[in-house]
$ cat input_6.pdb   # PDB, C-alpha atoms
ATOM      1  CA  ALA N   1      34.309  17.312 -15.594
ATOM      2  CA  GLN N   2      34.126  18.022 -19.265
ATOM      3  CA  SER N   3      31.644  16.210 -21.472
ATOM      4  CA  VAL N   4      30.692  16.332 -25.139
ATOM      5  CA  THR N   5      27.336  15.410 -26.652
ATOM      6  CA  GLN N   6      26.718  14.740 -30.308
ATOM      7  CA  PRO N   7      22.941  14.283 -30.408
ATOM      8  CA  ASP N   8      22.784  12.674 -33.843
ATOM      9  CA  ILE N   9      24.184   9.170 -34.234
ATOM     10  CA  HIS N  10      23.446   9.047 -37.977
ATOM     11  CA  ILE N  11      22.682  11.758 -40.510
ATOM     12  CA  THR N  12      21.852  11.274 -44.181
ATOM     13  CA  VAL N  13      22.028  14.147 -46.644
ATOM     14  CA  SER N  14      21.809  14.371 -50.401
ATOM     15  CA  GLU N  15      24.898  15.240 -52.359
ATOM     16  CA  GLY N  16      24.998  19.009 -52.889
ATOM     17  CA  ALA N  17      22.806  19.739 -49.864
ATOM     18  CA  SER N  18      24.017  21.696 -46.864
ATOM     19  CA  LEU N  19      25.151  19.972 -43.682
ATOM     20  CA  GLU N  20      25.139  20.809 -40.013
ATOM     21  CA  LEU N  21      26.452  18.433 -37.345
ATOM     22  CA  ARG N  22      25.665  19.334 -33.777
ATOM     23  CA  CYS N  23      28.008  19.363 -30.805
ATOM     24  CA  ASN N  24      27.278  20.493 -27.267
ATOM     25  CA  TYR N  25      29.822  20.561 -24.496
ATOM     26  CA  SER N  26      29.734  20.932 -20.766
ATOM     27  CA  TYR N  27      32.502  22.974 -19.246
ATOM     28  CA  GLY N  28      32.596  26.109 -17.081
ATOM     29  CA  ALA N  29      35.369  28.134 -18.658
ATOM     30  CA  THR N  30      36.358  28.684 -22.270
ATOM     31  CA  PRO N  31      37.171  25.332 -23.771
ATOM     32  CA  TYR N  32      39.341  24.391 -26.687
ATOM     33  CA  LEU N  33      37.140  22.777 -29.340
ATOM     34  CA  PHE N  34      37.924  20.481 -32.222
ATOM     35  CA  TRP N  35      36.251  18.584 -35.016
ATOM     36  CA  TYR N  36      37.838  15.427 -36.409
ATOM     37  CA  VAL N  37      36.812  13.214 -39.319
ATOM     38  CA  GLN N  38      37.393   9.472 -39.620
ATOM     39  CA  SER N  39      37.045   7.608 -42.893
ATOM     40  CA  PRO N  40      36.305   3.867 -42.623
ATOM     41  CA  GLY N  41      39.268   1.935 -41.266
ATOM     42  CA  GLN N  42      41.370   5.070 -40.814
ATOM     43  CA  GLY N  43      42.614   7.226 -37.973
ATOM     44  CA  LEU N  44      41.183  10.628 -37.102
ATOM     45  CA  GLN N  45      42.044  13.704 -39.134
ATOM     46  CA  LEU N  46      41.752  17.195 -37.683
ATOM     47  CA  LEU N  47      39.207  19.306 -39.583
ATOM     48  CA  LEU N  48      39.351  22.490 -37.542
ATOM     49  CA  LYS N  49      39.972  23.892 -34.078
ATOM     50  CA  TYR N  50      38.889  26.777 -31.883
ATOM     51  CA  PHE N  51      41.024  28.235 -29.116
ATOM     52  CA  SER N  52      39.958  31.878 -28.878
ATOM     53  CA  GLY N  53      39.101  34.916 -30.969
ATOM     54  CA  ASP N  54      36.787  34.805 -33.964
ATOM     55  CA  THR N  55      33.971  32.426 -33.141
ATOM     56  CA  LEU N  56      33.589  31.283 -36.750
ATOM     57  CA  VAL N  57      36.498  29.072 -37.733
ATOM     58  CA  GLN N  58      37.375  27.696 -41.127
ATOM     59  CA  GLY N  59      38.826  24.278 -41.635
ATOM     60  CA  ILE N  60      39.955  21.933 -44.342
ATOM     61  CA  LYS N  61      37.732  20.411 -47.041
ATOM     62  CA  GLY N  62      35.354  23.397 -47.003
ATOM     63  CA  PHE N  63      34.120  22.879 -43.436
ATOM     64  CA  GLU N  64      33.482  25.602 -40.887
ATOM     65  CA  ALA N  65      32.268  25.656 -37.292
ATOM     66  CA  GLU N  66      30.814  28.290 -35.024
ATOM     67  CA  PHE N  67      31.436  28.568 -31.295
ATOM     68  CA  LYS N  68      28.374  29.813 -29.416
ATOM     69  CA  ARG N  69      29.178  30.281 -25.772
ATOM     70  CA  SER N  70      25.573  31.017 -24.770
ATOM     71  CA  GLN N  71      24.452  27.670 -26.191
ATOM     72  CA  SER N  72      27.605  25.712 -25.269
ATOM     73  CA  SER N  73      27.722  24.576 -28.861
ATOM     74  CA  PHE N  74      30.284  24.123 -31.605
ATOM     75  CA  ASN N  75      28.350  22.983 -34.660
ATOM     76  CA  LEU N  76      30.079  21.901 -37.855
ATOM     77  CA  ARG N  77      28.742  23.105 -41.206
ATOM     78  CA  LYS N  78      29.365  22.669 -44.890
ATOM     79  CA  PRO N  79      27.351  24.478 -47.578
ATOM     80  CA  SER N  80      27.455  21.687 -50.166
ATOM     81  CA  VAL N  81      28.231  18.088 -49.305
ATOM     82  CA  HIS N  82      30.229  15.813 -51.603
ATOM     83  CA  TRP N  83      29.968  12.030 -51.687
ATOM     84  CA  SER N  84      33.546  11.846 -50.356
ATOM     85  CA  ASP N  85      32.403  13.537 -47.127
ATOM     86  CA  ALA N  86      30.726  10.310 -46.017
ATOM     87  CA  ALA N  87      32.571   9.419 -42.806
ATOM     88  CA  GLU N  88      32.267   9.594 -39.038
ATOM     89  CA  TYR N  89      32.726  12.969 -37.375
ATOM     90  CA  PHE N  90      33.888  13.540 -33.823
ATOM     91  CA  CYS N  91      33.686  16.672 -31.728
ATOM     92  CA  ALA N  92      36.252  17.022 -28.924
ATOM     93  CA  VAL N  93      36.829  19.439 -26.063
ATOM     94  CA  GLY N  94      39.926  20.287 -24.056
ATOM     95  CA  ALA N  95      41.028  22.916 -21.580
ATOM     96  CA  MET N  96      44.278  24.358 -20.305
ATOM     97  CA  GLU N  97      43.868  22.879 -16.847
ATOM     98  CA  TYR N  98      43.524  19.400 -18.319
ATOM     99  CA  GLY N  99      46.822  19.630 -20.153
ATOM    100  CA  ASN N 100      46.547  18.081 -23.580
ATOM    101  CA  LYS N 101      43.807  15.597 -22.733
ATOM    102  CA  LEU N 102      40.700  15.766 -24.879
ATOM    103  CA  VAL N 103      37.211  14.423 -24.295
ATOM    104  CA  PHE N 104      35.487  13.105 -27.409
ATOM    105  CA  GLY N 105      31.849  12.840 -28.329
ATOM    106  CA  ALA N 106      30.393   9.513 -29.433
ATOM    107  CA  GLY N 107      30.517  10.528 -33.087
ATOM    108  CA  THR N 108      28.040  11.187 -35.897
ATOM    109  CA  ILE N 109      28.033   8.968 -38.969
ATOM    110  CA  LEU N 110      27.337  10.930 -42.131
ATOM    111  CA  ARG N 111      25.829   9.174 -45.134
ATOM    112  CA  VAL N 112      25.620  10.967 -48.471
ATOM    113  CA  LYS N 113      23.035   9.883 -50.993
ATOM    114  CA  SER N 114      23.351  10.625 -54.676
TER     115      SER N 114
ATOM    116  CA  ASP Y 115      53.347  17.080 -41.518
ATOM    117  CA  VAL Y 116      53.045  15.183 -38.271
ATOM    118  CA  LYS Y 117      53.260  11.482 -38.777
ATOM    119  CA  VAL Y 118      52.058   8.937 -36.256
ATOM    120  CA  THR Y 119      52.535   5.316 -37.206
ATOM    121  CA  GLN Y 120      51.242   2.168 -35.578
ATOM    122  CA  SER Y 121      52.968  -1.175 -35.936
ATOM    123  CA  SER Y 122      50.007  -3.157 -37.249
ATOM    124  CA  ARG Y 123      46.730  -2.305 -38.974
ATOM    125  CA  TYR Y 124      45.137  -5.652 -38.108
ATOM    126  CA  LEU Y 125      46.034  -8.121 -35.392
ATOM    127  CA  VAL Y 126      44.464 -11.410 -34.322
ATOM    128  CA  LYS Y 127      45.466 -12.869 -30.956
ATOM    129  CA  ARG Y 128      44.278 -15.662 -28.723
ATOM    130  CA  THR Y 129      42.826 -15.252 -25.256
ATOM    131  CA  GLY Y 130      45.596 -15.113 -22.644
ATOM    132  CA  GLU Y 131      48.329 -13.959 -25.014
ATOM    133  CA  LYS Y 132      50.495 -10.954 -24.202
ATOM    134  CA  VAL Y 133      49.969  -8.303 -26.878
ATOM    135  CA  PHE Y 134      52.167  -5.340 -27.747
ATOM    136  CA  LEU Y 135      50.882  -2.387 -29.787
ATOM    137  CA  GLU Y 136      53.553   0.048 -30.875
ATOM    138  CA  CYS Y 137      53.204   3.703 -31.784
ATOM    139  CA  VAL Y 138      55.867   6.056 -33.139
ATOM    140  CA  GLN Y 139      55.624   9.797 -33.810
ATOM    141  CA  ASP Y 140      58.138  11.907 -35.674
ATOM    142  CA  MET Y 141      57.319  15.430 -34.440
ATOM    143  CA  ASP Y 142      59.172  15.450 -31.131
ATOM    144  CA  HIS Y 143      55.874  15.704 -29.244
ATOM    145  CA  GLU Y 144      55.913  15.475 -25.470
ATOM    146  CA  ASN Y 145      52.453  13.957 -25.096
ATOM    147  CA  MET Y 146      51.282  10.611 -26.371
ATOM    148  CA  PHE Y 147      47.955   8.845 -25.896
ATOM    149  CA  TRP Y 148      46.321   5.471 -26.322
ATOM    150  CA  TYR Y 149      42.577   5.227 -26.955
ATOM    151  CA  ARG Y 150      40.206   2.443 -27.730
ATOM    152  CA  GLN Y 151      37.288   3.065 -30.032
ATOM    153  CA  ASP Y 152      34.064   1.083 -29.921
ATOM    154  CA  PRO Y 153      30.843   1.759 -31.866
ATOM    155  CA  GLY Y 154      28.573   4.216 -30.086
ATOM    156  CA  LEU Y 155      31.141   4.937 -27.363
ATOM    157  CA  GLY Y 156      33.491   7.260 -29.206
ATOM    158  CA  LEU Y 157      37.117   7.323 -28.085
ATOM    159  CA  ARG Y 158      37.992   6.365 -24.556
ATOM    160  CA  LEU Y 159      41.381   7.200 -23.083
ATOM    161  CA  ILE Y 160      43.352   4.225 -21.797
ATOM    162  CA  TYR Y 161      46.672   5.805 -20.832
ATOM    163  CA  PHE Y 162      48.675   8.856 -21.689
ATOM    164  CA  SER Y 163      52.258   9.960 -21.257
ATOM    165  CA  TYR Y 164      53.530  13.513 -20.929
ATOM    166  CA  ASP Y 165      57.235  12.684 -20.945
ATOM    167  CA  VAL Y 166      59.647   9.795 -21.260
ATOM    168  CA  LYS Y 167      59.038   7.206 -18.535
ATOM    169  CA  MET Y 168      56.028   9.214 -17.307
ATOM    170  CA  LYS Y 169      52.500   7.853 -17.607
ATOM    171  CA  GLU Y 170      49.066   8.451 -16.221
ATOM    172  CA  LYS Y 171      45.945   6.345 -16.247
ATOM    173  CA  GLY Y 172      43.091   7.428 -18.401
ATOM    174  CA  ASP Y 173      39.450   6.464 -18.045
ATOM    175  CA  ILE Y 174      39.734   2.733 -18.754
ATOM    176  CA  PRO Y 175      43.229   1.480 -17.767
ATOM    177  CA  GLU Y 176      42.183  -1.913 -16.399
ATOM    178  CA  GLY Y 177      43.831  -4.775 -18.246
ATOM    179  CA  TYR Y 178      46.388  -2.525 -19.936
ATOM    180  CA  SER Y 179      49.835  -1.160 -19.246
ATOM    181  CA  VAL Y 180      52.124   1.157 -21.188
ATOM    182  CA  SER Y 181      55.785   1.830 -21.745
ATOM    183  CA  ARG Y 182      57.569   4.944 -22.932
ATOM    184  CA  GLU Y 183      61.326   4.451 -22.966
ATOM    185  CA  LYS Y 184      61.983   6.929 -25.790
ATOM    186  CA  LYS Y 185      60.227  10.185 -26.566
ATOM    187  CA  GLU Y 186      59.020   9.082 -29.984
ATOM    188  CA  ARG Y 187      57.665   5.655 -28.988
ATOM    189  CA  PHE Y 188      54.694   4.714 -26.823
ATOM    190  CA  SER Y 189      53.696   1.081 -26.397
ATOM    191  CA  LEU Y 190      50.414  -0.352 -25.185
ATOM    192  CA  ILE Y 191      50.572  -3.775 -23.548
ATOM    193  CA  LEU Y 192      47.742  -6.196 -22.967
ATOM    194  CA  GLU Y 193      49.186  -8.475 -20.307
ATOM    195  CA  SER Y 194      46.650 -11.260 -20.893
ATOM    196  CA  ALA Y 195      44.337 -10.534 -23.786
ATOM    197  CA  SER Y 196      40.641 -11.162 -23.333
ATOM    198  CA  THR Y 197      37.785 -11.175 -25.835
ATOM    199  CA  ASN Y 198      36.375  -7.943 -24.377
ATOM    200  CA  GLN Y 199      39.545  -6.198 -25.525
ATOM    201  CA  THR Y 200      38.610  -6.756 -29.150
ATOM    202  CA  SER Y 201      38.487  -3.195 -30.442
ATOM    203  CA  MET Y 202      40.088  -0.505 -32.564
ATOM    204  CA  TYR Y 203      43.121   1.019 -30.835
ATOM    205  CA  LEU Y 204      44.228   4.522 -31.742
ATOM    206  CA  CYS Y 205      47.463   6.244 -30.813
ATOM    207  CA  ALA Y 206      47.846  10.028 -30.814
ATOM    208  CA  SER Y 207      50.471  12.632 -30.002
ATOM    209  CA  SER Y 208      50.410  16.343 -29.201
ATOM    210  CA  PRO Y 209      52.950  19.020 -28.335
ATOM    211  CA  ARG Y 210      53.350  20.405 -24.834
ATOM    212  CA  PRO Y 211      50.589  22.761 -23.583
ATOM    213  CA  GLY Y 212      51.211  26.226 -24.920
ATOM    214  CA  GLN Y 213      52.512  24.893 -28.226
ATOM    215  CA  GLY Y 214      49.168  23.495 -29.285
ATOM    216  CA  TYR Y 215      46.392  21.314 -27.918
ATOM    217  CA  GLU Y 216      45.308  19.349 -30.949
ATOM    218  CA  GLN Y 217      46.112  15.674 -31.147
ATOM    219  CA  TYR Y 218      47.439  13.878 -34.201
ATOM    220  CA  PHE Y 219      46.327  10.320 -34.751
ATOM    221  CA  GLY Y 220      47.799   7.181 -36.233
ATOM    222  CA  PRO Y 221      45.809   4.940 -38.602
ATOM    223  CA  GLY Y 222      44.690   2.595 -35.840
ATOM    224  CA  THR Y 223      45.129  -1.102 -35.050
ATOM    225  CA  ARG Y 224      42.087  -3.325 -35.223
ATOM    226  CA  LEU Y 225      42.672  -6.048 -32.652
ATOM    227  CA  THR Y 226      40.610  -9.221 -32.544
ATOM    228  CA  VAL Y 227      40.986 -11.543 -29.565
ATOM    229  CA  THR Y 228      39.600 -15.039 -30.122
TER     230      THR Y 228
END

$ encode --input "input_6.pdb" --output "structure tokens"
Amino acid sequence: AQSVTQPDIHITVSEGASLELRCNYSYGATPYLFWYVQSPGQGLQLLLKYFSGDTLVQGIKGFEAEFKRSQSSFNLRKPSVHWSDAAEYFCAVGAMEYGNKLVFGAGTILRVKS
Amino acid sequence: DVKVTQSSRYLVKRTGEKVFLECVQDMDHENMFWYRQDPGLGLRLIYFSYDVKMKEKGDIPEGYSVSREKKERFSLILESASTNQTSMYLCASSPRPGQGYEQYFGPGTRLTVT
């Protein structure tokens, strides 16, 4: 069965500092990987996705993520955080044999201090 | 842009009431999903549907049922609401496998059962 681990429940960074949110997955074959962002009281918005090909993927709002098969990781990065990035971030994994079902991590809450 | 709408943003119901949560998507997606979201637990799949009148149980179906009479609409039903069903409920849709695996989310319904 697939599983997703986001080791950090909360992260606090200063505005303008770089950010990395960790995501590890457990799955035998090549998974489909996603990062979503949720602002307070809102639904989830897709930031970026990885299906195949280039292991560094670019997303919206200046975010990028890198798929590392050897580490079973798909970490999300941003070079300079803005106060508006404060939100909860979810990593998710899917696979062809599971149809369109996704498994989500527990989420990481990002706080940005000025 | 894909749009997924949910009938209510906030709902307060009494224990034992029958509760209907409605979800509508406008992108002709085959797949629709209902999740509940609780702090520290991420998103947990309640039910999903891959076609009209078709449904499958997710990870936590107990106490819930669903209905999909039209392709664009997916309803979640709490037959007899209980306080432990107080939660945020999120609806999502996605195209058929092969056309994309990402899910698109509605804004959520925060349900309180008293």

$ resolve_selection --input "input_6.pdb" --expression "the PyMOL selection byres ((chain N and resi 2) around 9)" --output "PDB file with C-alpha atoms, in the frame of the given file"
ATOM      1  CA  ALA N   1      34.309  17.312 -15.594  1.00  0.00           C
ATOM      2  CA  SER N   3      31.644  16.210 -21.472  1.00  0.00           C
ATOM      3  CA  VAL N   4      30.692  16.332 -25.139  1.00  0.00           C
ATOM      4  CA  TYR N  25      29.822  20.561 -24.496  1.00  0.00           C
ATOM      5  CA  SER N  26      29.734  20.932 -20.766  1.00  0.00           C
ATOM      6  CA  TYR N  27      32.502  22.974 -19.246  1.00  0.00           C
ATOM      7  CA  GLY N  28      32.596  26.109 -17.081  1.00  0.00           C
ATOM      8  CA  VAL N  93      36.829  19.439 -26.063  1.00  0.00           C
ATOM      9  CA  GLY N  94      39.926  20.287 -24.056  1.00  0.00           C
ATOM     10  CA  ALA N  95      41.028  22.916 -21.580  1.00  0.00           C
ATOM     11  CA  LEU N 102      40.700  15.766 -24.879  1.00  0.00           C
ATOM     12  CA  VAL N 103      37.211  14.423 -24.295  1.00  0.00           C
TER      13      VAL N 103
END

$ residues_around --input "input_6.pdb" --residues "N:Leu21" --least-positions-apart "4" --cutoff "7 Å" --atoms "only C-alpha atoms" --output "PyMOL selection string"
chain N and resi 75-77

$ resolve_selection --input "input_6.pdb" --expression "the PyMOL selection byres ((chain Y and resi 140-150) around 6)" --output "list in words"
Val116, Lys117, Gln139, Gln151, Leu157, Arg158, Leu159, Ile160, Tyr161, Phe162, Ser163, Tyr164, Asp165, Met202, Tyr203, Leu204, Cys205, Ala206, Ser207, Ser208, Pro209 and Arg210 of chain Y

$ residues_near_point --input "input_6.pdb" --point "(42.0, 5.6, -46.1)" --cutoff "12 Å" --atoms "all atoms listed in the file" --output "ChimeraX atom specification"
/N:37-45,84,87 /Y:123,220-222

$ resolve_selection --input "input_6.pdb" --expression "the PyMOL selection byres ((chain N and resi 60-69) around 9)" --output "MDAnalysis selection string"
chainID N and resid 30 33 35 46:50 54:59 70:80 85

$ closest_residue --input "input_6.pdb" --among "N:His10, N:Ser114, N:Tyr36, N:Pro31" --to "N:Glu97" --atoms "only C-alpha atoms"
N:Pro31

$ atom_distance --input "input_6.pdb" --atom1 "atom CA of N:Tyr98" --atom2 "atom CA of Y:Lys171"
13.4 Å

$ atom_distance --input "input_6.pdb" --atom1 "atom CA of Y:Gly130" --atom2 "atom CA of Y:Lys169"
24.5 Å

$ atom_distance --input "input_6.pdb" --atom1 "atom CA of Y:Tyr178" --atom2 "atom CA of Y:Lys132"
10.3 Å

$ residues_near_point --input "input_6.pdb" --point "(19.9, 13.9, -47.0)" --cutoff "8 Å" --atoms "all atoms listed in the file" --output "list in words"
Ile11, Thr12, Val13, Ser14, Glu15, Ala17, Arg111, Val112 and Lys113 of chain N

$ closest_residue --input "input_6.pdb" --among "Y:Glu176, Y:Glu216, Y:Glu170, Y:Glu183" --to "Y:Asn198" --atoms "only C-alpha atoms"
Y:Glu176

$ closest_residue --input "input_6.pdb" --among "Y:Thr200, Y:Ser181, Y:Thr223, Y:Thr228" --to "chain N" --atoms "all atoms listed in the file"
Y:Thr223

$ axis_aligned_box --input "input_6.pdb" --around "stretch 195-208 of chain Y" --padding-each-side "3 Å" --output "AutoDock Vina command-line options"
--center_x 43.4 --center_y 2.6 --center_z -27.9 --size_x 20.1 --size_y 33.5 --size_z 15.2

$ closest_residue --input "input_6.pdb" --among "Y:Gly154, Y:Met168, Y:Lys184, Y:Thr197" --to "chain N" --atoms "only C-alpha atoms"
Y:Gly154

$ decode --input "input_6.pdb" --residues "stretch 33-44 of chain N" --atoms "all heavy atoms" --output "compact mmCIF listing (two decimals), in the first residue's frame"
# COMPACT_ATOMS: atom_id res chain seq x y z
N LEU N 33 3.29 12.13 -8.16
CA LEU N 33 3.50 12.90 -6.94
C LEU N 33 2.95 14.31 -7.09
O LEU N 33 3.06 14.91 -8.17
CB LEU N 33 4.98 12.94 -6.58
CG LEU N 33 5.58 11.58 -6.25
CD1 LEU N 33 7.08 11.58 -6.44
CD2 LEU N 33 5.23 11.19 -4.83
N PHE N 34 2.40 14.82 -6.03
CA PHE N 34 1.75 16.12 -6.06
C PHE N 34 2.06 16.89 -4.78
O PHE N 34 2.25 16.31 -3.73
CB PHE N 34 0.22 15.96 -6.14
CG PHE N 34 -0.26 15.07 -7.25
CD1 PHE N 34 -0.33 13.70 -7.08
CD2 PHE N 34 -0.64 15.61 -8.46
CE1 PHE N 34 -0.77 12.88 -8.11
CE2 PHE N 34 -1.08 14.80 -9.50
CZ PHE N 34 -1.15 13.43 -9.32
N TRP N 35 2.06 18.20 -4.91
CA TRP N 35 2.02 19.09 -3.76
C TRP N 35 0.81 20.01 -3.90
O TRP N 35 0.57 20.59 -4.97
CB TRP N 35 3.28 19.95 -3.66
CG TRP N 35 4.41 19.29 -2.96
CD1 TRP N 35 5.49 18.68 -3.52
CD2 TRP N 35 4.60 19.18 -1.54
NE1 TRP N 35 6.34 18.20 -2.56
CE2 TRP N 35 5.81 18.50 -1.33
CE3 TRP N 35 3.87 19.62 -0.44
CZ2 TRP N 35 6.31 18.23 -0.05
CZ3 TRP N 35 4.36 19.35 0.83
CH2 TRP N 35 5.57 18.67 1.02
N TYR N 36 0.05 20.11 -2.79
CA TYR N 36 -1.09 20.99 -2.71
C TYR N 36 -0.87 22.00 -1.58
O TYR N 36 -0.18 21.70 -0.60
CB TYR N 36 -2.37 20.21 -2.40
CG TYR N 36 -2.92 19.40 -3.54
CD1 TYR N 36 -2.45 18.11 -3.79
CD2 TYR N 36 -3.94 19.89 -4.34
CE1 TYR N 36 -2.98 17.35 -4.83
CE2 TYR N 36 -4.49 19.14 -5.38
CZ TYR N 36 -4.00 17.88 -5.61
OH TYR N 36 -4.53 17.13 -6.65
N VAL N 37 -1.52 23.15 -1.69
CA VAL N 37 -1.48 24.15 -0.64
C VAL N 37 -2.92 24.48 -0.21
O VAL N 37 -3.84 24.50 -1.05
CB VAL N 37 -0.75 25.44 -1.09
CG1 VAL N 37 -1.44 26.09 -2.27
CG2 VAL N 37 -0.61 26.42 0.06
N GLN N 38 -3.10 24.68 1.08
CA GLN N 38 -4.42 25.02 1.62
C GLN N 38 -4.30 26.25 2.51
O GLN N 38 -3.67 26.18 3.56
CB GLN N 38 -4.99 23.85 2.41
CG GLN N 38 -6.41 24.08 2.91
CD GLN N 38 -6.93 22.91 3.71
OE1 GLN N 38 -6.18 22.26 4.43
NE2 GLN N 38 -8.23 22.62 3.59
N SER N 39 -4.92 27.33 2.09
CA SER N 39 -5.01 28.52 2.94
C SER N 39 -6.12 28.31 3.95
O SER N 39 -7.03 27.50 3.72
CB SER N 39 -5.28 29.75 2.09
OG SER N 39 -4.21 29.96 1.18
N PRO N 40 -6.07 29.00 5.09
CA PRO N 40 -7.07 28.77 6.15
C PRO N 40 -8.49 28.86 5.64
O PRO N 40 -8.87 29.82 4.95
CB PRO N 40 -6.75 29.89 7.15
CG PRO N 40 -5.29 30.16 6.95
CD PRO N 40 -5.04 29.98 5.48
N GLY N 41 -9.29 27.84 5.96
CA GLY N 41 -10.69 27.83 5.58
C GLY N 41 -10.97 27.58 4.12
O GLY N 41 -12.12 27.71 3.68
N GLN N 42 -9.95 27.21 3.36
CA GLN N 42 -10.12 27.01 1.92
C GLN N 42 -9.91 25.56 1.52
O GLN N 42 -9.45 24.74 2.32
CB GLN N 42 -9.12 27.89 1.15
CG GLN N 42 -9.21 29.36 1.46
CD GLN N 42 -10.54 29.95 1.06
OE1 GLN N 42 -11.07 29.68 -0.02
NE2 GLN N 42 -11.11 30.75 1.94
N GLY N 43 -10.22 25.25 0.27
CA GLY N 43 -9.92 23.94 -0.27
C GLY N 43 -8.45 23.84 -0.65
O GLY N 43 -7.67 24.76 -0.40
N LEU N 44 -8.07 22.74 -1.25
CA LEU N 44 -6.68 22.52 -1.65
C LEU N 44 -6.46 22.99 -3.07
O LEU N 44 -7.28 22.72 -3.95
CB LEU N 44 -6.33 21.03 -1.55
CG LEU N 44 -5.87 20.51 -0.19
CD1 LEU N 44 -7.01 20.54 0.81
CD2 LEU N 44 -5.31 19.10 -0.33
